[in-house]
Amino acid sequence: MNALAATNRNFRHAARLLNLDSKIETSLLIPYREIKVECTIPKDDGTLTSFVRFRVQHDNSRGPMKGGIRYHPEVEHGEVNALAQLMTWKTAVVNVPYGGAKGGIGCSPKELSLSELERLTRVFTQKIHDLIGVNTDIPAPDMGTNGQTMAWILDEYSKFHGYSPAIVTGKPLDLGGSLGREAATGRGVVYATEALLEEHGKSIKGFGNVGSWVARLIHERGGKIVAVSDVTGAIKNPNGIDIPALLGHKEATGSLSSFDGGDDMDADELLVHECDVVIPCALGGVLNRENAGDVKAKFIIEGANHPTDPEADEIISKKGVVILPDIYANAGGVTVSYFEWVLNMQAFMWNEEKVNDELKKYMTKAFHSIKNMCRTHECNLRMGAFTLGVNRVACSTLL
């Protein structure tokens, strides 16, 4: 099942639990605006190349729309639409005053030079500058983009509208970025994991940007990481992996493979490895009906967007595995982006300790709100999160 169909299915299930009026249900599903632009740029060799870029602005009933821009070869319209909708529910779950948006371009960033990426980003900004804004739609980094990408967008947007640091979040610190933002999604995943495990009488003691931060932070808390993977390979060690050493190895060699502190493994085996907690942190759809029956973990924390297909969801849940859903678990990034945006508007900055403390408050409060919805509607954590988010957006829309 593709990402859009799966997201719509979860939304409709939540709408039934909430007894939403059919007109409101239809209104909440249809995006506010969908943008498709063609971007032609000169390559370094003088030839011209064209890219199609999408931006879906889903809902603005609770505030300006917010969502990342990803550069990835598998970006397509349906996925961008689904991720924009997920951002609407996600921002409502953690109760930050945003709606959802998402953007992307189907390209391979590693095949483009830095100057080609800059030209591509600036041309896209020129095409949509009048459709985004500090009170309209605020982009952020996603897969294949980073703080430098946001710096180019800020600079290009400011040519039309004056200096506007709040137009993007996830910026470099020197341009008004927030301390703690790079680690925020991973740190939020860890706070969410701690809240879930505490509910079950457990504790942590006992890769991509998000995955590496999750591994680092869990390792710092005394957790034992027994397997990790990214696009370069996969490593396992039943006695625990030395995460700082592994990150040093990756930085030095560009790959996880051949690390002295563990054995290479098939990356497909990682999700069904023997462990307590599995945290998929990059691509969607990695847990599906083919591998769901082999999952051995007791808890799945969705650090990625839509990592679990609905068919897999049912299979895994029947096994008694607890799934902490993406629209809550990976909301740390957008929460700290909210802090960055607010502080930019005030020309102010928090220290990193303050950022992390506030993030923990938001993540912990959201978990308890989800649990309350679970009790009210007698549902699992995914539907608890969806009913929480959808209900808040529906109330704002009606008001």
# chains A, B, ... in the order shown; residues from 1 in each chain; ligands from 1
>>> select_by_dssp(residues="stretch 98-146 of chain A", states="strand (DSSP E or B)", output="PyMOL selection string")
chain A and resi 99-105+133+137-141
>>> write_last_selection(atoms="N, CA and C atoms", output="PDB file, in the first residue's frame")
ATOM      1  N   GLY A  99       0.136  23.940  10.512  1.00  0.00           N
ATOM      2  CA  GLY A  99      -0.479  22.917   9.687  1.00  0.00           C
ATOM      3  C   GLY A  99       0.624  22.210   8.913  1.00  0.00           C
ATOM      4  N   GLY A 100       0.242  21.275   8.058  1.00  0.00           N
ATOM      5  CA  GLY A 100       1.242  20.461   7.386  1.00  0.00           C
ATOM      6  C   GLY A 100       1.530  20.902   5.962  1.00  0.00           C
ATOM      7  N   ALA A 101       2.791  20.714   5.548  1.00  0.00           N
ATOM      8  CA  ALA A 101       3.213  20.917   4.167  1.00  0.00           C
ATOM      9  C   ALA A 101       4.367  19.958   3.896  1.00  0.00           C
ATOM     10  N   LYS A 102       4.711  19.788   2.641  1.00  0.00           N
ATOM     11  CA  LYS A 102       5.868  18.967   2.278  1.00  0.00           C
ATOM     12  C   LYS A 102       6.269  19.308   0.859  1.00  0.00           C
ATOM     13  N   GLY A 103       7.557  19.221   0.592  1.00  0.00           N
ATOM     14  CA  GLY A 103       8.059  19.472  -0.752  1.00  0.00           C
ATOM     15  C   GLY A 103       9.132  18.474  -1.126  1.00  0.00           C
ATOM     16  N   GLY A 104       9.373  18.343  -2.413  1.00  0.00           N
ATOM     17  CA  GLY A 104      10.415  17.418  -2.817  1.00  0.00           C
ATOM     18  C   GLY A 104      10.718  17.496  -4.294  1.00  0.00           C
ATOM     19  N   ILE A 105      11.877  16.971  -4.637  1.00  0.00           N
ATOM     20  CA  ILE A 105      12.281  16.867  -6.029  1.00  0.00           C
ATOM     21  C   ILE A 105      12.906  15.499  -6.255  1.00  0.00           C
ATOM     22  N   GLY A 133       6.086  31.771   3.152  1.00  0.00           N
ATOM     23  CA  GLY A 133       6.245  32.979   3.947  1.00  0.00           C
ATOM     24  C   GLY A 133       6.270  32.653   5.423  1.00  0.00           C
ATOM     25  N   ASP A 137       3.936  29.448   4.972  1.00  0.00           N
ATOM     26  CA  ASP A 137       4.495  28.111   4.785  1.00  0.00           C
ATOM     27  C   ASP A 137       5.992  28.216   5.024  1.00  0.00           C
ATOM     28  N   ILE A 138       6.501  27.412   5.963  1.00  0.00           N
ATOM     29  CA  ILE A 138       7.889  27.521   6.422  1.00  0.00           C
ATOM     30  C   ILE A 138       8.621  26.206   6.150  1.00  0.00           C
ATOM     31  N   PRO A 139       9.462  26.150   5.100  1.00  0.00           N
ATOM     32  CA  PRO A 139      10.198  24.910   4.796  1.00  0.00           C
ATOM     33  C   PRO A 139      11.253  24.572   5.847  1.00  0.00           C
ATOM     34  N   ALA A 140      11.739  23.324   5.756  1.00  0.00           N
ATOM     35  CA  ALA A 140      12.785  22.818   6.655  1.00  0.00           C
ATOM     36  C   ALA A 140      13.541  21.720   5.913  1.00  0.00           C
ATOM     37  N   PRO A 141      14.681  21.263   6.445  1.00  0.00           N
ATOM     38  CA  PRO A 141      15.413  20.187   5.782  1.00  0.00           C
ATOM     39  C   PRO A 141      14.679  18.843   5.891  1.00  0.00           C
TER      40      PRO A 141
END
>>> residues_around(residues="stretch 235-247 of chain A", least_positions_apart="2", cutoff="8 Å", atoms="only C-alpha atoms", output="PDB file with C-alpha atoms, in the first residue's frame")
ATOM      1  CA  SER A 212      22.835   8.274  14.194  1.00  0.00           C
ATOM      2  CA  ALA A 215      21.959   5.603  18.516  1.00  0.00           C
ATOM      3  CA  ARG A 216      24.307   8.167  20.075  1.00  0.00           C
ATOM      4  CA  HIS A 219      24.241   4.799  23.956  1.00  0.00           C
ATOM      5  CA  LYS A 224      22.867  -1.409  24.327  1.00  0.00           C
ATOM      6  CA  ILE A 225      22.731  -0.948  20.541  1.00  0.00           C
ATOM      7  CA  VAL A 226      23.057  -4.431  18.991  1.00  0.00           C
ATOM      8  CA  ALA A 227      22.611  -3.567  15.297  1.00  0.00           C
ATOM      9  CA  VAL A 228      22.571  -0.484  13.052  1.00  0.00           C
ATOM     10  CA  SER A 229      22.313   0.123   9.317  1.00  0.00           C
ATOM     11  CA  GLY A 233      25.855  -1.239   5.125  1.00  0.00           C
ATOM     12  CA  HIS A 249      34.764   4.818  11.510  1.00  0.00           C
ATOM     13  CA  LYS A 250      31.924   6.016   9.261  1.00  0.00           C
ATOM     14  CA  GLU A 251      33.376   9.528   9.106  1.00  0.00           C
ATOM     15  CA  LEU A 256      29.671   1.296   8.202  1.00  0.00           C
ATOM     16  CA  SER A 257      31.178  -1.819   6.601  1.00  0.00           C
ATOM     17  CA  PHE A 259      34.009  -1.894  11.404  1.00  0.00           C
ATOM     18  CA  GLY A 261      33.706  -3.545  16.687  1.00  0.00           C
ATOM     19  CA  GLY A 262      31.042  -5.649  14.967  1.00  0.00           C
ATOM     20  CA  ASP A 263      30.199  -8.046  12.173  1.00  0.00           C
ATOM     21  CA  ASP A 264      28.759  -7.075   8.804  1.00  0.00           C
ATOM     22  CA  MET A 265      25.181  -8.229   8.273  1.00  0.00           C
TER      23      MET A 265
END
>>> closest_residue(among="A:Arg181, A:Tyr328, A:Ile316, A:His13", to="A:Lys296", atoms="only C-alpha atoms")
A:Ile316
>>> closest_residue(among="A:Ser258, A:Gln346, A:Ser317, A:Ser22", to="A:Pro165", atoms="only C-alpha atoms")
A:Gln346
>>> residues_around(residues="A:Gly333", least_positions_apart="4", cutoff="9 Å", atoms="only C-alpha atoms", output="MDAnalysis selection string")
chainID A and resid 170 181:188 337:338
>>> closest_atom_pairs(of="stretch 130-160 of chain A", to="stretch 283-286 of chain A", cutoff="12 Å", atoms="only C-alpha atoms", output="tab-separated table")
residue	atom	partner	partner_atom	distance
A:Asp142	CA	A:Leu283	CA	11.4
A:Met143	CA	A:Leu283	CA	9.1
A:Gly144	CA	A:Leu283	CA	12.0
>>> write_last_selection(atoms="N, CA, C and O atoms", output="short mmCIF file (atom, residue, chain, number, x, y, z; two decimals), in the first residue's frame")
data_model
loop_
_atom_site.label_atom_id
_atom_site.label_comp_id
_atom_site.auth_asym_id
_atom_site.auth_seq_id
_atom_site.Cartn_x
_atom_site.Cartn_y
_atom_site.Cartn_z
N ASP A 142 14.99 17.96 4.99
CA ASP A 142 14.48 16.59 5.00
C ASP A 142 15.57 15.73 4.34
O ASP A 142 16.71 16.18 4.22
N MET A 143 15.22 14.54 3.89
CA MET A 143 16.21 13.68 3.27
C MET A 143 16.85 14.38 2.06
O MET A 143 16.16 14.92 1.21
N GLY A 144 18.19 14.39 2.04
CA GLY A 144 18.91 14.96 0.91
C GLY A 144 19.09 16.45 0.97
O GLY A 144 19.71 17.04 0.08
#
>>> residues_around(residues="A:Asn60", least_positions_apart="5", cutoff="10 Å", atoms="only C-alpha atoms", output="list of chain:residue names")
A:Pro31, A:Tyr32, A:Met65, A:Lys66, A:Thr88, A:Pro97, A:Tyr98, A:Gly99, A:Gly100, A:Ala101, A:Asn135, A:Thr136, A:Asp137, A:Val393, A:Ser396, A:Thr397
>>> residues_around(residues="A:Asn146", least_positions_apart="3", cutoff="12 Å", atoms="only C-alpha atoms", output="PyMOL selection string")
chain A and resi 68-71+109+117-118+121+139-143+149-153+168-172+177+181-182+208-209
>>> atom_distance(atom1="atom CA of A:Asp294", atom2="atom CA of A:Val322")
14.8 Å
>>> closest_residue(among="A:Thr26, A:Asn351, A:Asn305, A:Ser108", to="A:Ile327", atoms="only C-alpha atoms")
A:Asn305
>>> select_by_dssp(residues="stretch 179-399 of chain A", states="helix (DSSP H, G or I)", output="MDAnalysis selection string")
chainID A and resid 181:199 208:220 243:253 267:272 292:294 310:318 326:329 332:346 352:377 381:398
>>> closest_residue(among="A:Arg53, A:Leu17, A:Val321, A:Val93", to="A:Glu378", atoms="only C-alpha atoms")
A:Leu17
>>> closest_residue(among="A:Gly162, A:Gly303, A:Gly176, A:Gly147", to="A:Trp350", atoms="only C-alpha atoms")
A:Gly176
>>> residues_around(residues="A:Ile301", least_positions_apart="4", cutoff="10 Å", atoms="only C-alpha atoms", output="VMD selection string")
chain A and resid 189 to 190 192 to 193 196 277 to 281 307 322 to 326 328 to 330
>>> atom_distance(atom1="atom CA of A:Thr308", atom2="atom CA of A:Ala6")
9.4 Å
